[in-house]
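> Just passing along the structure, written as structure tokens.
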Amino acid sequence: MTDGAGPSTAAAPSAQDAPAAAEPTLARSVGRGAAWALAANITMRFASVAVTAILARLLSKEDFGIFAVALAVYLVVASLAELGMASAVARSPLEPEEIAPTISSISILASVGIAVLMASGAPLIASALGQPGAAQPIRILALCLVLTGVFAVPGAQLVREFRQDKIFLGTVVGFLVANPLLVLLALHGGGATAFAWSRVVGQLATGLVFVLSTSRRYWPRWRREVVRPLLRFGLPLSLANLVNWTLLNADYMILGRLVDAAQIGVYVIAFNVANWSTAVLGSVLNSVVVPAFGRVADDRERLGAALTSSTGLVAAVALPTAAISAALSRPLVDTVFGARWAEAAPVLVVLAGYGALYAFSLLFANVLVATGQTVRLLLIQLGWVVVLVPGMVLGEHWAGLRGVAWAHVVTIGLIAVPAYGVAVVRATGRHPLLLLRAVVAPLVAATLAAAAARLASQPFTTPWLALLVGCLAGGVVYALAIAPMALRQLPDRFVPGWVPGWALQARREVAAP
């Protein structure tokens, strides 16, 4: 459903013409939103890597480890901050005018209450996780919970309207405000609290940009008749988010009791690199998939086609990123973060596989949210965390940090992704072989690219040179191997004139009914 297509409009198109008229509008909105989200994420990812590289040389491994534990607590608790209400604004069948004021009230009340509990319980939480030094960063991050509730509705409005340009602007402003402060505090001995204060300031700046960018502002109000439907939608989603963020951060919370802060810091570096592809895709999926899939949720044919193409897109980005990162793990870590972080390289080799698989799980989770399958999503994620937590403990005793990484890979590969796959196939009616076929070409191309990157980097002992040559070799091989698939996916107007005739003929044969 799109704005302006309602039956009460006098000059509205007929019911037969409405879908055809709405589809280009939706396609343009989704395309514009995806382009902005992708550009924003690539830009911010490079900038974030640069800042992390600087901090890796300014702060100790212990500082990274302590803040990782504090941030893990914040991210898990923050999943409950607005009780899943913001996604209700982003879903098109629900009119913001009817629900946004009530959502604002619920979000603010919930976030303030949870923030007070988090701040007051910070010493107890930090000690329970084996890192008492994390108490002060946890207290500071409680302020972010309050901001999450305050800015929940403006952020969701921009998502609903596919205003990724404004989201990008807010992200950039927050980054430009937060990271100079972070470096300044790090230089003056701020340690782990430097991360926390910079996050608070950055979130405040981003939220203010969101508020100023919205087409309409909603003040907190209370409508009793919409509270129950909102809670029925939001609570399962919020609990699913709680489980999801617990999954993402269980490492740090469990490792806090098993290893020292320095070892956690090493794991942080490996995990961050492994999730580069998800960081790039994450905002596109979270900001575009939910509203876009929600608009076609009643059309199983369009929904299934969108799922297949999205699966291919995720594979085309996540698989080569993971494969080349694993192949070049040592020169990558040495070049970007410094030789003192070399222990992260063997952990990265394992976690790269997790990063690729997690990108697919994120896509499928968003599809389930868009189609209203939040309870099923919660059940899958509960099963995931129940298997993962003991697996991580056993893995750490078996092989240290690499064992923890292997627990992640085995659990997501054998439990989570298959369960998600079954759920989205049922929700969309898409044959599972169509999804698997969308992954084959990127998988083969990524494997060839990783082999080329590894072989090309071997003769060089200088880390940055090995990384550069390896990335170039892997990138060229991947581009050549994936070209046939990419050519089939491109619209006709984007096909270059120099493409040979045999390729165009193959393209026509694939497109033929």
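Each chain in the structure tokens gets a letter, A, B and so on, in the order shown; residues start at 1 in every chain, and ligands are counted from 1 in the order they appear.
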Residues at most 8 Å from range 400-406 of chain A, counting only C-alpha atoms, excluding those fewer than 2 positions away in the same chain, as a ChimeraX atom specification?
/A:251,267,346-347,350-351,354,391-398,408-410
> Just to be explicit: take each residue in the selection above, keep N, CA and C atoms, and write the result as a CSV table (one decimal), in the first residue's frame.

chain,number,residue,atom,x,y,z
A,251,ASP,N,29.2,-13.8,23.6
A,251,ASP,CA,30.6,-14.0,23.7
A,251,ASP,C,31.3,-13.2,24.8
A,267,TYR,N,39.4,-10.7,21.0
A,267,TYR,CA,38.2,-11.3,20.4
A,267,TYR,C,37.3,-10.2,19.7
A,346,PRO,N,44.0,-15.8,13.8
A,346,PRO,CA,43.4,-17.1,13.7
A,346,PRO,C,42.0,-17.2,14.2
A,347,VAL,N,41.6,-16.3,15.1
A,347,VAL,CA,40.2,-16.3,15.5
A,347,VAL,C,39.3,-15.8,14.3
A,350,VAL,N,38.1,-18.3,11.6
A,350,VAL,CA,36.9,-19.0,11.9
A,350,VAL,C,35.7,-18.1,11.9
A,351,LEU,N,35.8,-17.0,12.5
A,351,LEU,CA,34.6,-16.1,12.6
A,351,LEU,C,34.2,-15.5,11.3
A,354,TYR,N,31.2,-17.3,10.3
A,354,TYR,CA,30.0,-16.8,11.1
A,354,TYR,C,29.5,-15.5,10.5
A,391,GLY,N,27.6,-24.3,24.2
A,391,GLY,CA,28.6,-24.6,23.1
A,391,GLY,C,29.8,-23.7,23.3
A,392,MET,N,29.6,-22.4,23.6
A,392,MET,CA,30.7,-21.5,23.8
A,392,MET,C,31.5,-21.8,25.0
A,393,VAL,N,30.9,-22.2,26.1
A,393,VAL,CA,31.7,-22.6,27.2
A,393,VAL,C,32.6,-23.8,26.9
A,394,LEU,N,32.0,-24.8,26.3
A,394,LEU,CA,32.7,-26.0,25.9
A,394,LEU,C,33.8,-25.7,24.9
A,395,GLY,N,33.5,-24.8,24.0
A,395,GLY,CA,34.5,-24.4,23.0
A,395,GLY,C,35.7,-23.7,23.6
A,396,GLU,N,35.4,-22.8,24.6
A,396,GLU,CA,36.6,-22.1,25.2
A,396,GLU,C,37.5,-23.1,25.9
A,397,HIS,N,36.9,-24.1,26.6
A,397,HIS,CA,37.7,-25.1,27.3
A,397,HIS,C,38.5,-26.0,26.3
A,398,TRP,N,37.9,-26.2,25.1
A,398,TRP,CA,38.5,-27.0,24.1
A,398,TRP,C,39.6,-26.3,23.4
A,408,HIS,N,30.1,-20.6,17.5
A,408,HIS,CA,29.2,-19.7,16.8
A,408,HIS,C,28.9,-20.2,15.4
A,409,VAL,N,30.0,-20.7,14.7
A,409,VAL,CA,29.8,-21.1,13.3
A,409,VAL,C,28.9,-22.4,13.3
A,410,VAL,N,29.2,-23.3,14.1
A,410,VAL,CA,28.4,-24.6,14.1
A,410,VAL,C,27.0,-24.3,14.5
> Between A:Ile264, A:Ala399, A:Ala81, A:Leu182, which residue has the minimum interatomic distance to Leu235 in chain A, considering only C-alpha atoms?
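Distance minimum relative to Leu235 in chain A lands on A:Ala81.
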> Do you have, as CSV, the list of residues of range 165-194 of chain A lying at most 7 Å from range 45-65 of chain A, each with its nearest atom pair and that distance in Å to one decimal, counting only C-alpha atoms and ordered by chain then number?

residue,atom,partner,partner_atom,distance
A:Ala186,CA,A:Leu58,CA,6.8
A:Leu187,CA,A:Leu58,CA,7.0
A:Gly191,CA,A:Asp63,CA,5.6
A:Ala192,CA,A:Asp63,CA,4.9
> Can you write out the residues you just picked, keeping C-alpha atoms, as a PDB file, in the first residue's frame?

ATOM      1  CA  ALA A 186      41.543   8.344  24.752  1.00  0.00           C
ATOM      2  CA  LEU A 187      44.576  10.612  24.464  1.00  0.00           C
ATOM      3  CA  GLY A 191      40.159   4.386  28.855  1.00  0.00           C
ATOM      4  CA  ALA A 192      36.937   2.427  28.491  1.00  0.00           C
TER       5      ALA A 192
END
> Can you tell me which residues surround Gly202 in chain A at a distance of at most 7 Å, considering only C-alpha atoms, apart from same-chain residues fewer than 4 positions away, and format the answer as JSON, numbers by chain?
{"A": [174, 175, 177, 178, 198, 206]}
> Looking at A:Gly470, A:Pro390, A:Gly256, A:Gly207, which one is nearest to Val172 in chain A, with distances taken over only C-alpha atoms?
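Checking each of A:Gly470, A:Pro390, A:Gly256, A:Gly207 against Val172 in chain A, counting only C-alpha atoms, the winner is A:Gly207.
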> Ranking A:Ser213, A:Ser127, A:Thr335, A:Ser105 by minimum distance to Thr462 in chain A and counting only C-alpha atoms, which one comes first?
A:Thr335
> Might you pull out every residue within 12 Å of Arg224 in chain A, with only C-alpha atoms counted and same-chain residues fewer than 5 positions away left off, and present them as a PDB file with C-alpha atoms, in the first residue's frame?

ATOM      1  CA  GLU A  98      -3.120   6.784  15.008  1.00  0.00           C
ATOM      2  CA  ILE A  99      -0.290   5.110  16.888  1.00  0.00           C
ATOM      3  CA  PRO A 101       1.856   9.459  20.019  1.00  0.00           C
ATOM      4  CA  THR A 102       1.068   6.367  22.086  1.00  0.00           C
ATOM      5  CA  ILE A 103       4.246   4.648  20.899  1.00  0.00           C
ATOM      6  CA  SER A 105       4.722   7.547  25.437  1.00  0.00           C
ATOM      7  CA  ILE A 106       5.403   3.832  25.833  1.00  0.00           C
ATOM      8  CA  PRO A 229      -2.520  -4.235  19.626  1.00  0.00           C
ATOM      9  CA  LEU A 230       0.809  -2.417  19.863  1.00  0.00           C
ATOM     10  CA  LEU A 231       1.985  -4.574  22.738  1.00  0.00           C
TER      11      LEU A 231
END
> Record the distance separating CA of Thr278 in chain A and CA of Asn249 in chain A, expressed in Å with one decimal.
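Taking CA of Thr278 in chain A as the start and CA of Asn249 in chain A as the end point, the length is 14.9 Å.
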> Need the shell around Thr374 in chain A: protein/DNA/RNA residues with any atom at most 9 Å away, counting only C-alpha atoms. Skip same-chain ones fewer than 4 positions apart. Format as a PyMOL selection string?
chain A and resi 233-237+240+365+368-370+378-379
> Let me see the file: selected residues, N, CA and C atoms, as an mmCIF file, in the first residue's frame.

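Result file result_3.cif:
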data_model
loop_
_atom_site.group_PDB
_atom_site.id
_atom_site.type_symbol
_atom_site.label_atom_id
_atom_site.label_comp_id
_atom_site.auth_asym_id
_atom_site.auth_seq_id
_atom_site.Cartn_x
_atom_site.Cartn_y
_atom_site.Cartn_z
ATOM 1 N N PHE A 233 1.975 -6.727 19.049
ATOM 2 C CA PHE A 233 2.970 -6.732 17.971
ATOM 3 C C PHE A 233 4.381 -6.551 18.520
ATOM 4 N N GLY A 234 4.550 -5.605 19.429
ATOM 5 C CA GLY A 234 5.892 -5.196 19.826
ATOM 6 C C GLY A 234 6.590 -6.119 20.799
ATOM 7 N N LEU A 235 5.851 -6.691 21.764
ATOM 8 C CA LEU A 235 6.524 -7.492 22.787
ATOM 9 C C LEU A 235 7.223 -8.732 22.227
ATOM 10 N N PRO A 236 6.562 -9.528 21.351
ATOM 11 C CA PRO A 236 7.313 -10.660 20.770
ATOM 12 C C PRO A 236 8.541 -10.207 19.993
ATOM 13 N N LEU A 237 8.405 -9.095 19.262
ATOM 14 C CA LEU A 237 9.552 -8.573 18.516
ATOM 15 C C LEU A 237 10.645 -8.111 19.471
ATOM 16 N N ALA A 240 12.307 -11.093 20.831
ATOM 17 C CA ALA A 240 13.170 -11.668 19.796
ATOM 18 C C ALA A 240 14.448 -10.853 19.652
ATOM 19 N N ALA A 365 15.442 -12.849 9.258
ATOM 20 C CA ALA A 365 14.754 -12.308 10.427
ATOM 21 C C ALA A 365 13.927 -11.084 10.056
ATOM 22 N N LEU A 368 10.756 -12.151 8.326
ATOM 23 C CA LEU A 368 9.761 -12.635 9.282
ATOM 24 C C LEU A 368 9.085 -11.475 10.009
ATOM 25 N N VAL A 369 9.839 -10.440 10.338
ATOM 26 C CA VAL A 369 9.239 -9.251 10.958
ATOM 27 C C VAL A 369 8.267 -8.584 9.994
ATOM 28 N N ALA A 370 8.687 -8.445 8.735
ATOM 29 C CA ALA A 370 7.852 -7.767 7.742
ATOM 30 C C ALA A 370 6.562 -8.514 7.474
ATOM 31 N N LEU A 378 10.933 -15.322 17.435
ATOM 32 C CA LEU A 378 11.354 -15.463 18.829
ATOM 33 C C LEU A 378 11.709 -16.907 19.154
ATOM 34 N N LEU A 379 10.902 -17.855 18.701
ATOM 35 C CA LEU A 379 11.158 -19.267 18.992
ATOM 36 C C LEU A 379 12.474 -19.736 18.376
#
> May I have the residues within 9 Å of Leu307 in chain A as a PyMOL selection string, using only C-alpha atoms and disregarding those fewer than 5 positions away in the same chain?
chain A and resi 293+302+312+363-364+367+424+428+430+435
> Output the selection as an mmCIF file, in the first residue's frame - N, CA and C atoms for each residue.

data_model
loop_
_atom_site.group_PDB
_atom_site.id
_atom_site.type_symbol
_atom_site.label_atom_id
_atom_site.label_comp_id
_atom_site.auth_asym_id
_atom_site.auth_seq_id
_atom_site.Cartn_x
_atom_site.Cartn_y
_atom_site.Cartn_z
ATOM 1 N N PHE A 293 9.115 -5.175 2.357
ATOM 2 C CA PHE A 293 8.455 -6.472 2.378
ATOM 3 C C PHE A 293 7.083 -6.359 3.025
ATOM 4 N N ARG A 302 5.145 -11.590 -5.461
ATOM 5 C CA ARG A 302 6.119 -10.499 -5.355
ATOM 6 C C ARG A 302 7.011 -10.676 -4.129
ATOM 7 N N GLY A 312 20.222 -13.340 -3.063
ATOM 8 C CA GLY A 312 21.359 -13.234 -3.974
ATOM 9 C C GLY A 312 22.224 -12.026 -3.680
ATOM 10 N N LEU A 363 18.821 -11.132 7.155
ATOM 11 C CA LEU A 363 17.830 -10.969 6.091
ATOM 12 C C LEU A 363 16.555 -11.731 6.423
ATOM 13 N N PHE A 364 16.693 -13.002 6.764
ATOM 14 C CA PHE A 364 15.518 -13.835 7.021
ATOM 15 C C PHE A 364 14.740 -13.334 8.237
ATOM 16 N N VAL A 367 12.626 -10.469 7.125
ATOM 17 C CA VAL A 367 11.479 -10.936 6.342
ATOM 18 C C VAL A 367 10.382 -11.431 7.280
ATOM 19 N N VAL A 424 10.996 -18.758 6.473
ATOM 20 C CA VAL A 424 10.724 -17.797 5.398
ATOM 21 C C VAL A 424 10.118 -18.492 4.185
ATOM 22 N N THR A 428 6.619 -17.130 2.705
ATOM 23 C CA THR A 428 6.580 -16.536 1.364
ATOM 24 C C THR A 428 6.105 -17.497 0.287
ATOM 25 N N ARG A 430 8.000 -19.518 -1.259
ATOM 26 C CA ARG A 430 9.092 -19.668 -2.226
ATOM 27 C C ARG A 430 9.727 -21.038 -2.080
ATOM 28 N N LEU A 435 16.105 -20.320 -3.484
ATOM 29 C CA LEU A 435 16.996 -19.580 -2.593
ATOM 30 C C LEU A 435 18.416 -20.136 -2.663
#
